[in-house]
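Report on the following structure.
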Amino acid sequence: MQILKVKNLNVKIGRAPILEDINFEVNRGEIVAIIGPNGAGKTTLFKALLDLIPYEGKIIWKPKLKIGYVPQRLDIDIDLPLTVKEFFNLRDSKISDAKITEALDYIQLDNSVLEKGLGEISVGQRQRLLVGWSILDNPEVLLFDEPTADVDVYGQESIYKMISHLQKKFQMTVILISHDLNIIYKYSNKVLCLNHRNLCFGSPELMLEPNRLKDLFGEEKGFYHHDHKH
Amino acid sequence: MEAQTLQLFITAIFVSISASLLGSFVILKKMALVGDALSHVALPGIALGLIFHFNPFYGAFAALLVAVIGVWMLKYRTNLPLDTLVGIFFTTSLALGILFIPEPDLLEIMFGNIAALSLNQAIISIVISILLIAAILIIHKKLTLSMLSEELANSIGIRTRRLEFIYLIIFALAVALGIRFVGVLLMGALVVIPPASAKNMVKSLFNFMLLSVIFGIIAAISGIYASNIFHLPPGPLFVLSSSVIFIFTLLYRWFKK
């Protein structure tokens, strides 16, 4: 079942075109990875998908779809006076403890994290927490903006495992931005290569061919090739 | 205690509560200096009030409102950093204020004078403070979330620009109220120091807001009390009490580690 169709999407910021003529579709239960160099318009595409910025063209979501969003990072101090529990309550002050425990369970965090400060826990824990926060409302689609940008390699792997687990368990659809081609190859069903324009859209095997990557990133990323001949 | 003194205490407490609560979010947003500088923008409004003989509070509020809306609009139109815009508004208004405010009044406006508070003014200040406190409590969760991440707030349907606008109006009102007590130059201290002190001691948002308010109240009471005893102007003492509290919380923070 199709849940998102993007057709002839154009976004300008000021006079500069950021996205030109973007087209793709997403079906229920897919994990779609968006890749592209810095400044390619990946985050802008997300903002358009979330209807936060003006755009031309069509973005058609399945009606009454609940969308969860996980930002790249929270820019906060280590001593931010806000506990993890309070962070959950910011979303919904009447949320039950059982519901919070359930969410923590999905993201494999212990209940003891609730009384800790949001700035105090590790970056990896915080990214998991953001995932937990975004699934509180049982969304059908999750948008991840480079969820592991600040996380070390082990943390990244475990976050992607968790995403993949959630997706299987709830038949959730996941659209994610990532730089890590290995991860994309491992977990995604579809890849959208973006560099202001939609350079390719299809299965990861097809899209991560070295020539395509060269088109997208320039020469230097070609060496990733060997990782994909499994 | 005389009725006049009691009235002063109660008004100062309410004004201080609204300033501290507002300040909690100035601190959360890491805008201590911006908030401080912005509070000086009231000066030309007060000057207009004095020249044309209307209540300087309205002048101060109008000037602050123009400045915060101006800053808000320019921020979104020009993408200039907030501190640059505030810096320009602040120094421009200081220059205007100093040119136009009659010299005998200048000192009072710079450093406040609560002794001159009438019963009517006291009641108005208390009522506005209560409204401000209620408004901040109503929006505080949305405000906190939008300070953590604008996109995250947007994604659950919070209209962050409108929220920021409401917050700036609250800022203008709270600052206009406080200026009578501590003056234009010291107003920033009333907003910034109590929550900055609270932040040294707590981990949760609830305790942070509560402790900011408590520190604000202690500073108000001890400042006015000390001014009665030593026959010194209350504004600076108000602020100095806050600073003393801050030093204690800083020691607490060090020893805790």
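Chain identifiers are assigned as A, B, and so on, following the order in which chains appear in the structure tokens; residues are numbered from 1 within each chain, and ligands are numbered from 1 in order of appearance.
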Residue neighbourhood region 131-133 of chain B, 12 Å, only C-alpha atoms, exclusion window fewer than 4 positions, as a ChimeraX atom specification: /B:14-24,124-127,137-140,166-177,209,213
Polymer residues at most 12 Å from Leu145 (chain B), only C-alpha atoms, same-chain spacing of 3 or more positions, as a ChimeraX atom specification: /A:74-76,82,86-92 /B:25,28-29,139-142,148-160,163-164,205
Pick from A:Leu52, A:Ala16, A:Leu45, A:Met1 nearest to chain B, counting only C-alpha atoms: A:Leu52
Just want the 6 Å neighbourhood of region 54-65 of chain A, counted on only C-alpha atoms, with same-chain residues fewer than 2 positions away dropped. Output as a list in words.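 Contacts, with the query itself left out: Ile3, Leu4, Lys5, Val6, Lys7, Asn8, Leu9, Asn10 and Val11 of chain A.
Straight-line separation from CA of Leu94 (chain B) to CA of Ala42 (chain B): 8.6 Å.
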Define the interface residues of chain A facing chain B as those within 12 Å, counting only C-alpha atoms, and report them as a VMD selection string. chain A and resid 13 to 14 43 to 44 46 to 53 66 to 93 114 to 120 130 to 131 133 to 137 139 142 to 145
Straight-line distance linking CA of Ser197 (chain B) with CA of Val26 (chain B), stated in Å to one decimal: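 So the two atoms, CA of Ser197 (chain B) and CA of Val26 (chain B), lie 13.0 Å apart.
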Give me, as a ChimeraX atom specification, all polymer residues having an atom no more than 10 Å from Tyr160 (chain A), counting only C-alpha atoms and skipping those fewer than 3 positions away in the same chain. /A:147-148,155-157,163-166,183-184,186-187
